[in-house]
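Below is query-v6.pdb, which holds PDB, N, CA and C atoms and all ligand atoms.
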```pdb
MODEL        1
ATOM      1  N   MET A   7      55.637-227.015 -51.287  1.00  0.00           N
ATOM      2  CA  MET A   7      55.279-227.265 -49.880  1.00  0.00           C
ATOM      3  C   MET A   7      55.774-228.646 -49.456  1.00  0.00           C
ATOM      4  N   ARG A   8      56.283-228.729 -48.245  1.00  0.00           N
ATOM      5  CA  ARG A   8      56.861-229.984 -47.776  1.00  0.00           C
ATOM      6  C   ARG A   8      56.158-230.483 -46.516  1.00  0.00           C
ATOM      7  N   CYS A   9      56.280-231.787 -46.317  1.00  0.00           N
ATOM      8  CA  CYS A   9      55.643-232.414 -45.164  1.00  0.00           C
ATOM      9  C   CYS A   9      56.253-231.897 -43.868  1.00  0.00           C
ATOM     10  N   PHE A  10      55.394-231.538 -42.942  1.00  0.00           N
ATOM     11  CA  PHE A  10      55.819-231.001 -41.647  1.00  0.00           C
ATOM     12  C   PHE A  10      56.617-232.041 -40.862  1.00  0.00           C
ATOM     13  N   ALA A  11      56.302-233.319 -41.076  1.00  0.00           N
ATOM     14  CA  ALA A  11      56.904-234.377 -40.261  1.00  0.00           C
ATOM     15  C   ALA A  11      58.148-234.984 -40.906  1.00  0.00           C
ATOM     16  N   CYS A  12      58.061-235.373 -42.187  1.00  0.00           N
ATOM     17  CA  CYS A  12      59.172-236.094 -42.802  1.00  0.00           C
ATOM     18  C   CYS A  12      59.865-235.270 -43.894  1.00  0.00           C
ATOM     19  N   ASN A  13      59.358-234.065 -44.180  1.00  0.00           N
ATOM     20  CA  ASN A  13      60.021-233.136 -45.104  1.00  0.00           C
ATOM     21  C   ASN A  13      60.008-233.598 -46.554  1.00  0.00           C
ATOM     22  N   CYS A  14      59.154-234.550 -46.895  1.00  0.00           N
ATOM     23  CA  CYS A  14      59.028-234.924 -48.296  1.00  0.00           C
ATOM     24  C   CYS A  14      58.098-233.927 -48.989  1.00  0.00           C
ATOM     25  N   GLU A  15      58.133-233.904 -50.302  1.00  0.00           N
ATOM     26  CA  GLU A  15      57.322-232.948 -51.040  1.00  0.00           C
ATOM     27  C   GLU A  15      55.865-233.394 -51.081  1.00  0.00           C
ATOM     28  N   LEU A  16      54.966-232.462 -50.825  1.00  0.00           N
ATOM     29  CA  LEU A  16      53.541-232.800 -50.809  1.00  0.00           C
ATOM     30  C   LEU A  16      52.965-232.726 -52.206  1.00  0.00           C
ATOM     31  N   THR A  17      52.007-233.593 -52.497  1.00  0.00           N
ATOM     32  CA  THR A  17      51.247-233.473 -53.735  1.00  0.00           C
ATOM     33  C   THR A  17      50.218-232.357 -53.572  1.00  0.00           C
ATOM     34  N   ASP A  18      49.629-231.926 -54.673  1.00  0.00           N
ATOM     35  CA  ASP A  18      48.604-230.883 -54.608  1.00  0.00           C
ATOM     36  C   ASP A  18      47.464-231.322 -53.701  1.00  0.00           C
ATOM     37  N   TYR A  19      47.118-232.606 -53.794  1.00  0.00           N
ATOM     38  CA  TYR A  19      46.030-233.128 -52.965  1.00  0.00           C
ATOM     39  C   TYR A  19      46.400-233.080 -51.482  1.00  0.00           C
ATOM     40  N   GLU A  20      47.610-233.542 -51.171  1.00  0.00           N
ATOM     41  CA  GLU A  20      48.026-233.582 -49.767  1.00  0.00           C
ATOM     42  C   GLU A  20      48.110-232.181 -49.181  1.00  0.00           C
ATOM     43  N   ALA A  21      48.457-231.211 -50.016  1.00  0.00           N
ATOM     44  CA  ALA A  21      48.573-229.828 -49.552  1.00  0.00           C
ATOM     45  C   ALA A  21      47.223-229.230 -49.186  1.00  0.00           C
ATOM     46  N   THR A  22      46.132-229.834 -49.683  1.00  0.00           N
ATOM     47  CA  THR A  22      44.806-229.304 -49.377  1.00  0.00           C
ATOM     48  C   THR A  22      44.170-229.994 -48.184  1.00  0.00           C
ATOM     49  N   LEU A  23      44.849-230.983 -47.619  1.00  0.00           N
ATOM     50  CA  LEU A  23      44.248-231.754 -46.530  1.00  0.00           C
ATOM     51  C   LEU A  23      44.241-230.949 -45.238  1.00  0.00           C
ATOM     52  N   ARG A  24      43.096-230.950 -44.589  1.00  0.00           N
ATOM     53  CA  ARG A  24      42.966-230.272 -43.306  1.00  0.00           C
ATOM     54  C   ARG A  24      42.430-231.246 -42.268  1.00  0.00           C
ATOM     55  N   GLY A  25      42.773-231.008 -41.025  1.00  0.00           N
ATOM     56  CA  GLY A  25      42.255-231.846 -39.952  1.00  0.00           C
ATOM     57  C   GLY A  25      40.771-231.621 -39.786  1.00  0.00           C
ATOM     58  N   THR A  26      40.017-232.700 -39.595  1.00  0.00           N
ATOM     59  CA  THR A  26      38.574-232.555 -39.455  1.00  0.00           C
ATOM     60  C   THR A  26      38.218-231.885 -38.132  1.00  0.00           C
ATOM     61  N   ILE A  27      39.073-232.006 -37.135  1.00  0.00           N
ATOM     62  CA  ILE A  27      38.787-231.424 -35.825  1.00  0.00           C
ATOM     63  C   ILE A  27      39.256-229.977 -35.759  1.00  0.00           C
ATOM     64  N   SER A  28      40.524-229.750 -36.144  1.00  0.00           N
ATOM     65  CA  SER A  28      41.099-228.418 -36.027  1.00  0.00           C
ATOM     66  C   SER A  28      40.656-227.514 -37.171  1.00  0.00           C
ATOM     67  N   GLY A  29      40.421-228.092 -38.351  1.00  0.00           N
ATOM     68  CA  GLY A  29      40.118-227.284 -39.517  1.00  0.00           C
ATOM     69  C   GLY A  29      41.338-226.592 -40.083  1.00  0.00           C
ATOM     70  N   GLN A  30      42.505-226.895 -39.532  1.00  0.00           N
ATOM     71  CA  GLN A  30      43.750-226.288 -39.976  1.00  0.00           C
ATOM     72  C   GLN A  30      44.419-227.171 -41.015  1.00  0.00           C
ATOM     73  N   PHE A  31      45.178-226.536 -41.915  1.00  0.00           N
ATOM     74  CA  PHE A  31      45.956-227.327 -42.855  1.00  0.00           C
ATOM     75  C   PHE A  31      46.987-228.142 -42.097  1.00  0.00           C
ATOM     76  N   LEU A  32      47.117-229.404 -42.497  1.00  0.00           N
ATOM     77  CA  LEU A  32      48.006-230.305 -41.782  1.00  0.00           C
ATOM     78  C   LEU A  32      49.448-230.143 -42.247  1.00  0.00           C
ATOM     79  N   ASP A  33      49.644-229.802 -43.543  1.00  0.00           N
ATOM     80  CA  ASP A  33      50.984-229.727 -44.113  1.00  0.00           C
ATOM     81  C   ASP A  33      51.745-231.027 -43.885  1.00  0.00           C
ATOM     82  N   MET A  34      51.054-232.127 -44.023  1.00  0.00           N
ATOM     83  CA  MET A  34      51.674-233.439 -43.840  1.00  0.00           C
ATOM     84  C   MET A  34      51.313-234.323 -45.030  1.00  0.00           C
ATOM     85  N   CYS A  35      52.218-235.268 -45.352  1.00  0.00           N
ATOM     86  CA  CYS A  35      51.952-236.180 -46.453  1.00  0.00           C
ATOM     87  C   CYS A  35      50.985-237.275 -46.001  1.00  0.00           C
ATOM     88  N   GLY A  36      50.439-237.992 -46.946  1.00  0.00           N
ATOM     89  CA  GLY A  36      49.452-239.009 -46.636  1.00  0.00           C
ATOM     90  C   GLY A  36      49.971-240.068 -45.684  1.00  0.00           C
ATOM     91  N   GLU A  37      51.235-240.444 -45.862  1.00  0.00           N
ATOM     92  CA  GLU A  37      51.824-241.473 -45.012  1.00  0.00           C
ATOM     93  C   GLU A  37      51.869-241.003 -43.552  1.00  0.00           C
ATOM     94  N   CYS A  38      52.318-239.776 -43.327  1.00  0.00           N
ATOM     95  CA  CYS A  38      52.450-239.269 -41.960  1.00  0.00           C
ATOM     96  C   CYS A  38      51.071-239.045 -41.337  1.00  0.00           C
ATOM     97  N   ILE A  39      50.109-238.624 -42.144  1.00  0.00           N
ATOM     98  CA  ILE A  39      48.751-238.456 -41.634  1.00  0.00           C
ATOM     99  C   ILE A  39      48.211-239.797 -41.174  1.00  0.00           C
ATOM    100  N   LYS A  40      48.471-240.843 -41.995  1.00  0.00           N
ATOM    101  CA  LYS A  40      47.993-242.174 -41.660  1.00  0.00           C
ATOM    102  C   LYS A  40      48.635-242.658 -40.356  1.00  0.00           C
ATOM    103  N   GLU A  41      49.949-242.455 -40.246  1.00  0.00           N
ATOM    104  CA  GLU A  41      50.664-242.913 -39.055  1.00  0.00           C
ATOM    105  C   GLU A  41      50.235-242.141 -37.821  1.00  0.00           C
ATOM    106  N   SER A  42      49.828-240.884 -38.007  1.00  0.00           N
ATOM    107  CA  SER A  42      49.438-240.057 -36.872  1.00  0.00           C
ATOM    108  C   SER A  42      48.000-240.308 -36.451  1.00  0.00           C
ATOM    109  N   ASP A  43      47.273-241.095 -37.249  1.00  0.00           N
ATOM    110  CA  ASP A  43      45.877-241.377 -36.937  1.00  0.00           C
ATOM    111  C   ASP A  43      45.032-240.117 -36.921  1.00  0.00           C
ATOM    112  N   ILE A  44      45.410-239.136 -37.749  1.00  0.00           N
ATOM    113  CA  ILE A  44      44.630-237.908 -37.848  1.00  0.00           C
ATOM    114  C   ILE A  44      43.581-238.103 -38.935  1.00  0.00           C
ATOM    115  N   SER A  45      42.352-237.748 -38.652  1.00  0.00           N
ATOM    116  CA  SER A  45      41.345-237.775 -39.701  1.00  0.00           C
ATOM    117  C   SER A  45      41.414-236.458 -40.456  1.00  0.00           C
ATOM    118  N   ALA A  46      41.592-236.579 -41.772  1.00  0.00           N
ATOM    119  CA  ALA A  46      41.794-235.392 -42.591  1.00  0.00           C
ATOM    120  C   ALA A  46      40.704-235.282 -43.632  1.00  0.00           C
ATOM    121  N   VAL A  47      40.480-234.064 -44.065  1.00  0.00           N
ATOM    122  CA  VAL A  47      39.504-233.818 -45.112  1.00  0.00           C
ATOM    123  C   VAL A  47      40.144-232.930 -46.166  1.00  0.00           C
ATOM    124  N   SER A  48      39.861-233.206 -47.428  1.00  0.00           N
ATOM    125  CA  SER A  48      40.423-232.400 -48.500  1.00  0.00           C
ATOM    126  C   SER A  48      39.704-231.071 -48.591  1.00  0.00           C
ATOM    127  N   PHE A  49      40.454-230.031 -48.919  1.00  0.00           N
ATOM    128  CA  PHE A  49      39.883-228.700 -49.045  1.00  0.00           C
ATOM    129  C   PHE A  49      38.821-228.667 -50.141  1.00  0.00           C
ATOM    130  N   SER A  50      39.068-229.444 -51.222  1.00  0.00           N
ATOM    131  CA  SER A  50      38.117-229.475 -52.336  1.00  0.00           C
ATOM    132  C   SER A  50      37.093-230.579 -52.099  1.00  0.00           C
ATOM    133  N   LYS A  51      36.489-230.551 -50.927  1.00  0.00           N
ATOM    134  CA  LYS A  51      35.583-231.605 -50.500  1.00  0.00           C
ATOM    135  C   LYS A  51      34.346-231.679 -51.394  1.00  0.00           C
ATOM    136  N   THR A  52      33.821-230.531 -51.772  1.00  0.00           N
ATOM    137  CA  THR A  52      32.576-230.507 -52.529  1.00  0.00           C
ATOM    138  C   THR A  52      32.729-231.210 -53.873  1.00  0.00           C
ATOM    139  N   GLU A  53      33.896-231.021 -54.511  1.00  0.00           N
ATOM    140  CA  GLU A  53      34.106-231.636 -55.817  1.00  0.00           C
ATOM    141  C   GLU A  53      34.119-233.160 -55.701  1.00  0.00           C
ATOM    142  N   SER A  54      34.927-233.655 -54.764  1.00  0.00           N
ATOM    143  CA  SER A  54      35.046-235.097 -54.634  1.00  0.00           C
ATOM    144  C   SER A  54      33.749-235.704 -54.106  1.00  0.00           C
ATOM    145  N   ALA A  55      33.050-234.963 -53.264  1.00  0.00           N
ATOM    146  CA  ALA A  55      31.811-235.477 -52.705  1.00  0.00           C
ATOM    147  C   ALA A  55      30.759-235.665 -53.791  1.00  0.00           C
ATOM    148  N   SER A  56      30.695-234.707 -54.722  1.00  0.00           N
ATOM    149  CA  SER A  56      29.680-234.809 -55.765  1.00  0.00           C
ATOM    150  C   SER A  56      29.982-235.967 -56.712  1.00  0.00           C
ATOM    151  N   SER A  57      31.284-236.169 -57.011  1.00  0.00           N
ATOM    152  CA  SER A  57      31.633-237.259 -57.911  1.00  0.00           C
ATOM    153  C   SER A  57      31.460-238.605 -57.211  1.00  0.00           C
ATOM    154  N   LEU A  58      31.711-238.610 -55.887  1.00  0.00           N
ATOM    155  CA  LEU A  58      31.551-239.849 -55.136  1.00  0.00           C
ATOM    156  C   LEU A  58      30.080-240.251 -55.067  1.00  0.00           C
ATOM    157  N   SER A  59      29.216-239.278 -54.765  1.00  0.00           N
ATOM    158  CA  SER A  59      27.801-239.591 -54.606  1.00  0.00           C
ATOM    159  C   SER A  59      27.212-240.091 -55.935  1.00  0.00           C
ATOM    160  N   LYS A  60      27.758-239.567 -57.038  1.00  0.00           N
ATOM    161  CA  LYS A  60      27.286-240.013 -58.344  1.00  0.00           C
ATOM    162  C   LYS A  60      27.551-241.511 -58.503  1.00  0.00           C
ATOM    163  N   GLU A  61      28.761-241.921 -58.114  1.00  0.00           N
ATOM    164  CA  GLU A  61      29.115-243.338 -58.219  1.00  0.00           C
ATOM    165  C   GLU A  61      28.257-244.182 -57.277  1.00  0.00           C
ATOM    166  N   ASP A  62      28.003-243.637 -56.098  1.00  0.00           N
ATOM    167  CA  ASP A  62      27.181-244.374 -55.132  1.00  0.00           C
ATOM    168  C   ASP A  62      25.790-244.637 -55.695  1.00  0.00           C
ATOM    169  N   ILE A  63      25.239-243.638 -56.348  1.00  0.00           N
ATOM    170  CA  ILE A  63      23.893-243.777 -56.904  1.00  0.00           C
ATOM    171  C   ILE A  63      23.873-244.864 -57.968  1.00  0.00           C
ATOM    172  N   GLU A  64      24.929-244.880 -58.797  1.00  0.00           N
ATOM    173  CA  GLU A  64      25.000-245.881 -59.850  1.00  0.00           C
ATOM    174  C   GLU A  64      25.123-247.296 -59.274  1.00  0.00           C
ATOM    175  N   ASP A  65      25.809-247.387 -58.136  1.00  0.00           N
ATOM    176  CA  ASP A  65      25.946-248.692 -57.496  1.00  0.00           C
ATOM    177  C   ASP A  65      24.606-249.216 -56.999  1.00  0.00           C
ATOM    178  N   TYR A  66      23.775-248.306 -56.480  1.00  0.00           N
ATOM    179  CA  TYR A  66      22.462-248.716 -56.013  1.00  0.00           C
ATOM    180  C   TYR A  66      21.503-248.881 -57.198  1.00  0.00           C
TER     181      TYR A  66
HETATM  182 ZN    ZN B 101      55.458-237.043 -44.279  1.00  0.00          ZN
ENDMDL
END
```
Re-express the file's structure as structure tokens.
Ligand SMILES: [Zn+2]
Amino acid sequence: MRCFACNCELTDYEATLRGTISGQFLDMCGECIKESDISAVSFSKTESASSLSKEDIEDY
């Protein structure tokens, strides 16, 4: 899969990114998403969220 904007190859992570508003796959690389000011969410949100919250708890 390639970036819709710059045609570079997407990583597995970038390929799962969806727009938080549209809910559609962006098919864009991280750089182009950043430049477009689109807020994106990873498809595997639950996995990263659980690991993130674990770290947050340890910090507190
Ligand atoms: Zn790109």
*Specify as an MDAnalysis selection string each residue included when the PyMOL selection byres (((chain A and resi 23) around 6) and not hetatm) is applied to this file.*
chainID A and resid 19:22 24:25 30:33 46:49
Print the selection's residues with N, CA and C atoms to a file, as a tab-separated table (two decimals), in the frame of the given file.
```tsv
chain	number	residue	atom	x	y	z
A	19	TYR	N	47.12	-232.61	-53.79
A	19	TYR	CA	46.03	-233.13	-52.96
A	19	TYR	C	46.40	-233.08	-51.48
A	20	GLU	N	47.61	-233.54	-51.17
A	20	GLU	CA	48.03	-233.58	-49.77
A	20	GLU	C	48.11	-232.18	-49.18
A	21	ALA	N	48.46	-231.21	-50.02
A	21	ALA	CA	48.57	-229.83	-49.55
A	21	ALA	C	47.22	-229.23	-49.19
A	22	THR	N	46.13	-229.83	-49.68
A	22	THR	CA	44.81	-229.30	-49.38
A	22	THR	C	44.17	-229.99	-48.18
A	24	ARG	N	43.10	-230.95	-44.59
A	24	ARG	CA	42.97	-230.27	-43.31
A	24	ARG	C	42.43	-231.25	-42.27
A	25	GLY	N	42.77	-231.01	-41.02
A	25	GLY	CA	42.26	-231.85	-39.95
A	25	GLY	C	40.77	-231.62	-39.79
A	30	GLN	N	42.50	-226.90	-39.53
A	30	GLN	CA	43.75	-226.29	-39.98
A	30	GLN	C	44.42	-227.17	-41.02
A	31	PHE	N	45.18	-226.54	-41.92
A	31	PHE	CA	45.96	-227.33	-42.86
A	31	PHE	C	46.99	-228.14	-42.10
A	32	LEU	N	47.12	-229.40	-42.50
A	32	LEU	CA	48.01	-230.30	-41.78
A	32	LEU	C	49.45	-230.14	-42.25
A	33	ASP	N	49.64	-229.80	-43.54
A	33	ASP	CA	50.98	-229.73	-44.11
A	33	ASP	C	51.74	-231.03	-43.88
A	46	ALA	N	41.59	-236.58	-41.77
A	46	ALA	CA	41.79	-235.39	-42.59
A	46	ALA	C	40.70	-235.28	-43.63
A	47	VAL	N	40.48	-234.06	-44.06
A	47	VAL	CA	39.50	-233.82	-45.11
A	47	VAL	C	40.14	-232.93	-46.17
A	48	SER	N	39.86	-233.21	-47.43
A	48	SER	CA	40.42	-232.40	-48.50
A	48	SER	C	39.70	-231.07	-48.59
A	49	PHE	N	40.45	-230.03	-48.92
A	49	PHE	CA	39.88	-228.70	-49.04
A	49	PHE	C	38.82	-228.67	-50.14
```
*Counting only C-alpha atoms, note down every residue that has an atom within 10 Å of the point (57.4, -236.1, -46.8) (file coordinates), as a ChimeraX atom specification.*
/A:7-17,33-38
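Minimum distance to ligand ZN 101 (chain B) across A:Ile39, A:Ile27, A:Ile44, A:Asp18 (counting only C-alpha atoms and all ligand atoms) occurs at A:Ile39.
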*Enter the distance from atom C of Ser45 of chain A to atom N of Ser28 of chain A, in Å, rounded to one decimal.*
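Answer for the atom C of Ser45 of chain A to atom N of Ser28 of chain A separation: 8.0 Å.
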